[in-house]
file input-v8.cif (mmCIF, N, CA and C atoms)
data_target
#
loop_
_atom_site.label_atom_id
_atom_site.label_comp_id
_atom_site.auth_asym_id
_atom_site.auth_seq_id
_atom_site.Cartn_x
_atom_site.Cartn_y
_atom_site.Cartn_z
N MET A 284 36.44 140.58 -14.09
CA MET A 284 37.71 141.02 -14.63
C MET A 284 38.82 140.12 -14.09
N ALA A 285 39.69 139.67 -14.94
CA ALA A 285 40.80 138.80 -14.55
C ALA A 285 41.93 139.64 -13.97
N GLU A 286 42.79 138.97 -13.17
CA GLU A 286 43.93 139.67 -12.60
C GLU A 286 44.91 140.05 -13.70
N LYS A 287 45.37 141.29 -13.67
CA LYS A 287 46.31 141.78 -14.66
C LYS A 287 47.49 142.42 -13.94
N GLN A 288 48.69 142.22 -14.47
CA GLN A 288 49.90 142.82 -13.93
C GLN A 288 50.19 144.10 -14.72
N ILE A 289 49.59 145.19 -14.31
CA ILE A 289 49.76 146.47 -15.00
C ILE A 289 50.26 147.50 -13.99
N SER A 290 51.38 148.13 -14.30
CA SER A 290 51.91 149.19 -13.46
C SER A 290 51.32 150.52 -13.90
N LEU A 291 50.98 151.35 -12.93
CA LEU A 291 50.39 152.66 -13.21
C LEU A 291 51.28 153.77 -12.69
N SER A 292 51.38 154.85 -13.46
CA SER A 292 52.08 156.04 -13.00
C SER A 292 51.19 156.77 -11.99
N ASP A 293 51.73 157.77 -11.32
CA ASP A 293 50.94 158.54 -10.35
C ASP A 293 49.72 159.17 -11.02
N GLY A 294 49.92 159.74 -12.19
CA GLY A 294 48.81 160.35 -12.91
C GLY A 294 47.76 159.34 -13.32
N GLU A 295 48.21 158.18 -13.76
CA GLU A 295 47.28 157.12 -14.15
C GLU A 295 46.47 156.64 -12.95
N TRP A 296 47.10 156.60 -11.78
CA TRP A 296 46.37 156.22 -10.56
C TRP A 296 45.23 157.20 -10.31
N LYS A 297 45.49 158.49 -10.47
CA LYS A 297 44.45 159.51 -10.24
C LYS A 297 43.26 159.28 -11.16
N LEU A 298 43.53 159.05 -12.42
CA LEU A 298 42.47 158.83 -13.39
C LEU A 298 41.73 157.52 -13.09
N MET A 299 42.47 156.47 -12.81
CA MET A 299 41.85 155.18 -12.53
C MET A 299 41.00 155.24 -11.26
N LYS A 300 41.46 155.94 -10.22
CA LYS A 300 40.67 156.06 -9.00
C LYS A 300 39.31 156.67 -9.29
N ARG A 301 39.30 157.67 -10.16
CA ARG A 301 38.03 158.32 -10.53
C ARG A 301 37.12 157.32 -11.24
N LEU A 302 37.69 156.52 -12.15
CA LEU A 302 36.89 155.52 -12.86
C LEU A 302 36.41 154.41 -11.91
N TRP A 303 37.26 153.99 -10.98
CA TRP A 303 36.85 152.96 -10.02
C TRP A 303 35.71 153.47 -9.15
N GLU A 304 35.76 154.76 -8.80
CA GLU A 304 34.72 155.35 -7.96
C GLU A 304 33.42 155.56 -8.73
N SER A 305 33.53 156.01 -9.96
CA SER A 305 32.35 156.47 -10.71
C SER A 305 31.85 155.52 -11.78
N GLY A 306 32.68 154.57 -12.20
CA GLY A 306 32.28 153.71 -13.32
C GLY A 306 32.57 154.40 -14.64
N ALA A 307 31.82 154.07 -15.66
CA ALA A 307 32.06 154.60 -17.01
C ALA A 307 31.85 156.11 -17.05
N MET A 308 32.80 156.79 -17.71
CA MET A 308 32.73 158.24 -17.85
C MET A 308 33.21 158.65 -19.24
N THR A 309 32.74 159.80 -19.70
CA THR A 309 33.20 160.35 -20.96
C THR A 309 34.48 161.16 -20.70
N ILE A 310 35.14 161.54 -21.78
CA ILE A 310 36.34 162.38 -21.67
C ILE A 310 36.00 163.70 -20.98
N MET A 311 34.89 164.30 -21.36
CA MET A 311 34.50 165.58 -20.76
C MET A 311 34.20 165.43 -19.26
N GLU A 312 33.53 164.34 -18.89
CA GLU A 312 33.23 164.10 -17.47
C GLU A 312 34.51 163.90 -16.68
N LEU A 313 35.44 163.12 -17.22
CA LEU A 313 36.72 162.90 -16.55
C LEU A 313 37.51 164.20 -16.42
N THR A 314 37.55 164.97 -17.48
CA THR A 314 38.28 166.25 -17.46
C THR A 314 37.72 167.15 -16.37
N ALA A 315 36.40 167.26 -16.30
CA ALA A 315 35.76 168.11 -15.29
C ALA A 315 36.02 167.57 -13.89
N ALA A 316 35.94 166.26 -13.72
CA ALA A 316 36.12 165.64 -12.41
C ALA A 316 37.54 165.77 -11.90
N LEU A 317 38.52 165.79 -12.79
CA LEU A 317 39.92 165.82 -12.40
C LEU A 317 40.54 167.22 -12.42
N ARG A 318 39.83 168.18 -12.98
CA ARG A 318 40.39 169.52 -13.20
C ARG A 318 40.91 170.15 -11.91
N ASP A 319 40.12 170.15 -10.84
CA ASP A 319 40.56 170.80 -9.59
C ASP A 319 41.77 170.11 -8.98
N GLN A 320 41.79 168.79 -9.04
CA GLN A 320 42.88 168.01 -8.43
C GLN A 320 44.16 168.07 -9.26
N THR A 321 44.04 168.06 -10.59
CA THR A 321 45.22 167.91 -11.44
C THR A 321 45.51 169.11 -12.33
N GLY A 322 44.49 169.88 -12.70
CA GLY A 322 44.67 170.97 -13.64
C GLY A 322 44.80 170.49 -15.08
N TRP A 323 44.50 169.20 -15.33
CA TRP A 323 44.66 168.63 -16.66
C TRP A 323 43.65 169.19 -17.66
N SER A 324 44.13 169.38 -18.89
CA SER A 324 43.27 169.78 -19.99
C SER A 324 42.62 168.54 -20.60
N LYS A 325 41.68 168.76 -21.48
CA LYS A 325 41.04 167.65 -22.20
C LYS A 325 42.07 166.83 -22.95
N ASN A 326 43.05 167.49 -23.57
CA ASN A 326 44.08 166.77 -24.33
C ASN A 326 44.93 165.87 -23.43
N THR A 327 45.22 166.32 -22.23
CA THR A 327 45.98 165.51 -21.29
C THR A 327 45.19 164.27 -20.90
N VAL A 328 43.89 164.44 -20.64
CA VAL A 328 43.04 163.30 -20.28
C VAL A 328 42.98 162.31 -21.44
N ILE A 329 42.87 162.82 -22.66
CA ILE A 329 42.84 161.95 -23.84
C ILE A 329 44.14 161.14 -23.93
N THR A 330 45.27 161.79 -23.72
CA THR A 330 46.57 161.12 -23.76
C THR A 330 46.65 160.04 -22.69
N MET A 331 46.22 160.37 -21.47
CA MET A 331 46.25 159.40 -20.38
C MET A 331 45.34 158.21 -20.68
N LEU A 332 44.15 158.48 -21.21
CA LEU A 332 43.23 157.39 -21.55
C LEU A 332 43.81 156.50 -22.63
N SER A 333 44.47 157.09 -23.60
CA SER A 333 45.09 156.30 -24.67
C SER A 333 46.16 155.37 -24.11
N ARG A 334 46.97 155.88 -23.20
CA ARG A 334 48.00 155.05 -22.57
C ARG A 334 47.38 153.92 -21.77
N LEU A 335 46.36 154.25 -21.00
CA LEU A 335 45.69 153.26 -20.16
C LEU A 335 44.98 152.20 -21.01
N GLU A 336 44.41 152.64 -22.12
CA GLU A 336 43.75 151.68 -23.02
C GLU A 336 44.79 150.74 -23.64
N ALA A 337 45.95 151.28 -24.04
CA ALA A 337 47.02 150.46 -24.62
C ALA A 337 47.55 149.45 -23.61
N LYS A 338 47.56 149.81 -22.32
CA LYS A 338 48.02 148.90 -21.27
C LYS A 338 46.97 147.85 -20.93
N GLY A 339 45.73 148.09 -21.35
CA GLY A 339 44.65 147.16 -21.00
C GLY A 339 43.99 147.50 -19.68
N ALA A 340 44.23 148.70 -19.15
CA ALA A 340 43.66 149.11 -17.87
C ALA A 340 42.29 149.74 -18.03
N VAL A 341 42.00 150.24 -19.24
CA VAL A 341 40.75 150.94 -19.51
C VAL A 341 40.12 150.36 -20.77
N ALA A 342 38.79 150.26 -20.74
CA ALA A 342 38.05 149.82 -21.92
C ALA A 342 37.20 150.99 -22.42
N CYS A 343 37.02 151.06 -23.72
CA CYS A 343 36.26 152.13 -24.34
C CYS A 343 35.08 151.55 -25.10
N THR A 344 33.90 152.11 -24.88
CA THR A 344 32.71 151.73 -25.64
C THR A 344 32.03 153.00 -26.14
N GLN A 345 31.27 152.86 -27.20
CA GLN A 345 30.55 154.01 -27.75
C GLN A 345 29.24 154.19 -27.00
N GLY A 346 29.07 155.33 -26.34
CA GLY A 346 27.82 155.66 -25.66
C GLY A 346 26.87 156.32 -26.63
N GLU A 347 25.77 156.86 -26.13
CA GLU A 347 24.79 157.52 -26.99
C GLU A 347 25.39 158.72 -27.70
N ARG A 348 26.13 159.54 -26.97
CA ARG A 348 26.68 160.77 -27.55
C ARG A 348 28.20 160.79 -27.63
N ALA A 349 28.85 160.06 -26.75
CA ALA A 349 30.31 160.10 -26.68
C ALA A 349 30.84 158.75 -26.22
N LYS A 350 32.13 158.56 -26.42
CA LYS A 350 32.78 157.33 -25.95
C LYS A 350 32.77 157.31 -24.43
N LEU A 351 32.56 156.11 -23.90
CA LEU A 351 32.59 155.90 -22.46
C LEU A 351 33.82 155.07 -22.10
N TYR A 352 34.55 155.53 -21.11
CA TYR A 352 35.74 154.82 -20.65
C TYR A 352 35.43 154.22 -19.28
N SER A 353 35.78 152.96 -19.12
CA SER A 353 35.53 152.26 -17.86
C SER A 353 36.76 151.44 -17.48
N PRO A 354 36.91 151.13 -16.20
CA PRO A 354 38.07 150.36 -15.77
C PRO A 354 38.00 148.92 -16.27
N ALA A 355 39.09 148.45 -16.86
CA ALA A 355 39.22 147.05 -17.27
C ALA A 355 40.17 146.34 -16.30
N LEU A 356 40.73 147.11 -15.39
CA LEU A 356 41.67 146.62 -14.38
C LEU A 356 41.01 146.79 -13.01
N ARG A 357 41.00 145.72 -12.23
CA ARG A 357 40.43 145.82 -10.89
C ARG A 357 41.38 146.59 -9.98
N GLN A 358 40.82 147.38 -9.11
CA GLN A 358 41.63 148.17 -8.19
C GLN A 358 42.50 147.26 -7.33
N GLU A 359 41.97 146.12 -6.92
CA GLU A 359 42.72 145.17 -6.10
C GLU A 359 43.95 144.65 -6.84
N ASP A 360 43.81 144.39 -8.14
CA ASP A 360 44.94 143.91 -8.93
C ASP A 360 46.01 144.99 -9.08
N ALA A 361 45.57 146.23 -9.30
CA ALA A 361 46.52 147.34 -9.42
C ALA A 361 47.27 147.54 -8.10
N ALA A 362 46.54 147.47 -6.99
CA ALA A 362 47.18 147.64 -5.68
C ALA A 362 48.17 146.52 -5.40
N ARG A 363 47.82 145.29 -5.77
CA ARG A 363 48.72 144.15 -5.56
C ARG A 363 50.01 144.34 -6.37
N THR A 364 49.87 144.71 -7.63
CA THR A 364 51.04 144.93 -8.49
C THR A 364 51.91 146.05 -7.93
N GLU A 365 51.28 147.14 -7.50
CA GLU A 365 52.03 148.28 -6.95
C GLU A 365 52.77 147.87 -5.68
N THR A 366 52.12 147.08 -4.83
CA THR A 366 52.74 146.62 -3.59
C THR A 366 53.94 145.72 -3.89
N GLU A 367 53.77 144.80 -4.83
CA GLU A 367 54.88 143.90 -5.20
C GLU A 367 56.05 144.70 -5.79
N ASN A 368 55.74 145.68 -6.63
CA ASN A 368 56.79 146.52 -7.21
C ASN A 368 57.53 147.31 -6.13
N PHE A 369 56.76 147.86 -5.19
CA PHE A 369 57.35 148.63 -4.08
C PHE A 369 58.26 147.74 -3.24
N LEU A 370 57.75 146.59 -2.85
CA LEU A 370 58.56 145.66 -2.04
C LEU A 370 59.85 145.29 -2.75
N GLY A 371 59.75 145.01 -4.03
CA GLY A 371 60.94 144.64 -4.80
C GLY A 371 61.94 145.77 -4.90
N ARG A 372 61.43 146.97 -5.13
CA ARG A 372 62.28 148.14 -5.34
C ARG A 372 62.94 148.60 -4.03
N VAL A 373 62.16 148.66 -2.96
CA VAL A 373 62.65 149.25 -1.72
C VAL A 373 63.22 148.23 -0.74
N TYR A 374 62.60 147.06 -0.68
CA TYR A 374 63.00 146.08 0.34
C TYR A 374 63.52 144.78 -0.26
N GLY A 375 63.89 144.79 -1.52
CA GLY A 375 64.43 143.59 -2.15
C GLY A 375 63.43 142.45 -2.20
N GLY A 376 62.15 142.79 -2.16
CA GLY A 376 61.10 141.77 -2.24
C GLY A 376 60.75 141.12 -0.92
N SER A 377 61.38 141.55 0.16
CA SER A 377 61.18 140.91 1.46
C SER A 377 60.15 141.65 2.31
N LEU A 378 59.04 141.00 2.55
CA LEU A 378 58.03 141.56 3.44
C LEU A 378 58.58 141.64 4.86
N GLY A 379 59.37 140.64 5.26
CA GLY A 379 59.96 140.62 6.59
C GLY A 379 60.86 141.82 6.84
N VAL A 380 61.67 142.19 5.85
CA VAL A 380 62.56 143.35 6.00
C VAL A 380 61.73 144.62 6.15
N MET A 381 60.65 144.74 5.37
CA MET A 381 59.80 145.91 5.47
C MET A 381 59.15 145.99 6.86
N MET A 382 58.62 144.87 7.34
CA MET A 382 57.97 144.86 8.66
C MET A 382 58.98 145.19 9.75
N SER A 383 60.18 144.66 9.64
CA SER A 383 61.22 144.94 10.61
C SER A 383 61.53 146.44 10.64
N ALA A 384 61.64 147.05 9.47
CA ALA A 384 61.91 148.49 9.38
C ALA A 384 60.78 149.30 10.02
N MET A 385 59.55 148.87 9.81
CA MET A 385 58.41 149.58 10.39
C MET A 385 58.40 149.44 11.92
N VAL A 386 58.68 148.25 12.41
CA VAL A 386 58.70 148.03 13.85
C VAL A 386 59.82 148.83 14.50
N GLU A 387 61.02 148.82 13.88
CA GLU A 387 62.16 149.55 14.43
C GLU A 387 61.92 151.05 14.46
N SER A 388 61.16 151.55 13.50
CA SER A 388 60.88 153.00 13.49
C SER A 388 59.69 153.34 14.38
N ARG A 389 59.10 152.32 15.00
CA ARG A 389 57.96 152.47 15.91
C ARG A 389 56.76 153.12 15.22
N SER A 390 56.58 152.87 13.94
CA SER A 390 55.46 153.47 13.23
C SER A 390 54.21 152.59 13.25
N LEU A 391 54.26 151.45 13.94
CA LEU A 391 53.09 150.57 14.03
C LEU A 391 52.30 150.89 15.30
N THR A 392 51.01 151.10 15.15
CA THR A 392 50.13 151.31 16.29
C THR A 392 49.63 149.95 16.79
N ALA A 393 48.99 149.94 17.93
CA ALA A 393 48.40 148.71 18.45
C ALA A 393 47.35 148.18 17.47
N GLU A 394 46.61 149.08 16.84
CA GLU A 394 45.62 148.68 15.84
C GLU A 394 46.29 148.02 14.64
N ASP A 395 47.44 148.57 14.21
CA ASP A 395 48.19 147.98 13.09
C ASP A 395 48.62 146.55 13.43
N VAL A 396 49.13 146.37 14.65
CA VAL A 396 49.60 145.05 15.08
C VAL A 396 48.43 144.06 15.11
N ALA A 397 47.28 144.50 15.64
CA ALA A 397 46.10 143.63 15.69
C ALA A 397 45.65 143.25 14.28
N GLU A 398 45.66 144.23 13.37
CA GLU A 398 45.26 143.96 11.98
C GLU A 398 46.22 142.98 11.32
N LEU A 399 47.51 143.19 11.50
CA LEU A 399 48.51 142.28 10.93
C LEU A 399 48.40 140.88 11.52
N SER A 400 48.14 140.79 12.82
CA SER A 400 47.97 139.49 13.45
C SER A 400 46.79 138.74 12.85
N ALA A 401 45.70 139.46 12.62
CA ALA A 401 44.51 138.84 12.02
C ALA A 401 44.81 138.36 10.60
N ILE A 402 45.55 139.15 9.85
CA ILE A 402 45.91 138.78 8.48
C ILE A 402 46.79 137.54 8.49
N LEU A 403 47.79 137.52 9.36
CA LEU A 403 48.70 136.37 9.44
C LEU A 403 47.96 135.12 9.92
N GLU A 404 47.04 135.28 10.84
CA GLU A 404 46.26 134.13 11.32
C GLU A 404 45.41 133.57 10.17
N LYS A 405 44.80 134.46 9.40
CA LYS A 405 43.99 134.03 8.26
C LYS A 405 44.87 133.31 7.22
N ALA A 406 46.06 133.84 6.96
CA ALA A 406 46.98 133.21 6.01
C ALA A 406 47.42 131.84 6.50
N GLY A 407 47.65 131.70 7.78
CA GLY A 407 48.05 130.43 8.37
C GLY A 407 46.96 129.38 8.24
N CYS A 408 45.70 129.81 8.33
CA CYS A 408 44.58 128.88 8.20
C CYS A 408 44.48 128.31 6.79
N ARG A 409 44.85 129.07 5.80
CA ARG A 409 44.78 128.62 4.41
C ARG A 409 45.80 127.53 4.13
N GLU A 410 46.94 127.61 4.79
CA GLU A 410 48.00 126.63 4.51
C GLU A 410 47.78 125.31 5.25
N GLY A 411 47.04 125.34 6.35
CA GLY A 411 46.85 124.15 7.17
C GLY A 411 45.86 123.25 6.56
#
call {"tool": "encode", "arguments": {"input": "input-v8.cif", "output": "C-alpha cells"}}
result
Amino acid sequence: MAEKQISLSDGEWKLMKRLWESGAMTIMELTAALRDQTGWSKNTVITMLSRLEAKGAVACTQGERAKLYSPALRQEDAARTETENFLGRVYGGSLGVMMSAMVESRSLTAEDVAELSAILEKAGCREG
C-alpha cells in the first residue's frame, strides 16, 4: 500500500483500527465488533464505510456471501498524517515547540527521554 494523506475523524479511527487489527470484514462483522464500543447501528457502519471508501481508506471486494471491507490505508500513514495535522494545528508545525512544552510540563519520563534520544540518534545517522 502506498503512502496516502488521508485525515480520519474519531469515528473513522475506531472503524479503521478494527480493520487494521482484523483484516477484511463484512458490514455485519464490523457492526457486531463495534457495537459495545460505539453503539453504532448497521446503517451507521454503512455510512462510515462509504465515507472511508470515498476517501480511499477502505477497499471493498465481493466475498462469497457479502461484501468484504479491508484497509487500503496503512496505519502508519494515517498516524503520520494525524501527527502532522496535530503539530500544525497546536504547535504551528514545530516539533521543537511541542517538545519544549512537554519538557516544561515535566511530562517526560526517563524512558521517554531514552526513546527520543534513540530516535534522534537514528535520524542523525541517516543524514550523515
call {"tool": "atom_distance", "arguments": {"input": "input-v8.cif", "atom1": "atom CA of Leu291 of chain A", "atom2": "atom CA of Ala340 of chain A"}}
result
8.9 Å
call {"tool": "closest_atom_pairs", "arguments": {"input": "input-v8.cif", "of": "segment 301-336 of chain A", "to": "segment 342-362 of chain A", "cutoff": "8 Å", "atoms": "all atoms listed in the file", "output": "Markdown table"}}
result
| residue | atom | partner | partner_atom | distance |
| --- | --- | --- | --- | --- |
| A:Arg301 | C | A:Pro354 | N | 7.9 |
| A:Leu302 | C | A:Pro354 | N | 5.4 |
| A:Trp303 | N | A:Pro354 | N | 6.0 |
| A:Ser305 | C | A:Ser353 | CA | 7.8 |
| A:Gly306 | C | A:Ser353 | CA | 4.9 |
| A:Ala307 | CA | A:Tyr352 | C | 4.1 |
| A:Met308 | C | A:Tyr352 | N | 3.9 |
| A:Thr309 | CA | A:Lys350 | C | 4.6 |
| A:Ile310 | N | A:Lys350 | C | 5.5 |
| A:Met311 | N | A:Lys350 | C | 7.9 |
| A:Leu332 | CA | A:Tyr352 | CA | 8.0 |
| A:Leu335 | C | A:Ala342 | N | 6.5 |
| A:Glu336 | CA | A:Ala342 | N | 5.6 |
call {"tool": "select_by_dssp", "arguments": {"input": "input-v8.cif", "residues": "segment 287-403 of chain A", "states": "alpha helix (DSSP H)", "output": "number ranges by chain"}}
result
A: 293-305, 310-321, 325-338, 358-374, 378-387, 393-403
call {"tool": "atom_distance", "arguments": {"input": "input-v8.cif", "atom1": "atom N of Ala337 of chain A", "atom2": "atom CA of Phe369 of chain A"}}
result
23.1 Å
call {"tool": "residues_around", "arguments": {"input": "input-v8.cif", "residues": "Met331 of chain A", "least_positions_apart": "6", "cutoff": "9 Å", "atoms": "only C-alpha atoms", "output": "list of chain:residue names"}}
result
A:Gly294, A:Glu295, A:Leu298
call {"tool": "select_by_dssp", "arguments": {"input": "input-v8.cif", "residues": "segment 321-362 of chain A", "states": "strand (DSSP E)", "output": "JSON, numbers by chain"}}
result
{"A": [341, 342, 343, 344, 345, 350, 351, 352, 353, 354]}
call {"tool": "atom_distance", "arguments": {"input": "input-v8.cif", "atom1": "atom C of Val341 of chain A", "atom2": "atom CA of Asp319 of chain A"}}
result
23.3 Å
call {"tool": "axis_aligned_box", "arguments": {"input": "input-v8.cif", "around": "segment 335-347 of chain A", "padding_each_side": "5 Å", "output": "lines of an AutoDock Vina configuration file"}}
result
center_x = 36.4
center_y = 152.9
center_z = -22.8
size_x = 33.2
size_y = 21.6
size_z = 19.9
call {"tool": "resolve_selection", "arguments": {"input": "input-v8.cif", "expression": "the PyMOL selection byres (((chain A and resi 325 and name CA) around 12) and name CA)", "output": "PyMOL selection string"}}
result
chain A and resi 309-318+321-324+326-332
call {"tool": "residues_around", "arguments": {"input": "input-v8.cif", "residues": "segment 364-366 of chain A", "least_positions_apart": "6", "cutoff": "6.5 Å", "atoms": "only N, CA and C atoms", "output": "ChimeraX atom specification"}}
result
/A:288-290
call {"tool": "resolve_selection", "arguments": {"input": "input-v8.cif", "expression": "the PyMOL selection byres (((chain A and resi 379-382 and name CA) around 12) and name CA)", "output": "count of residues only"}}
result
24
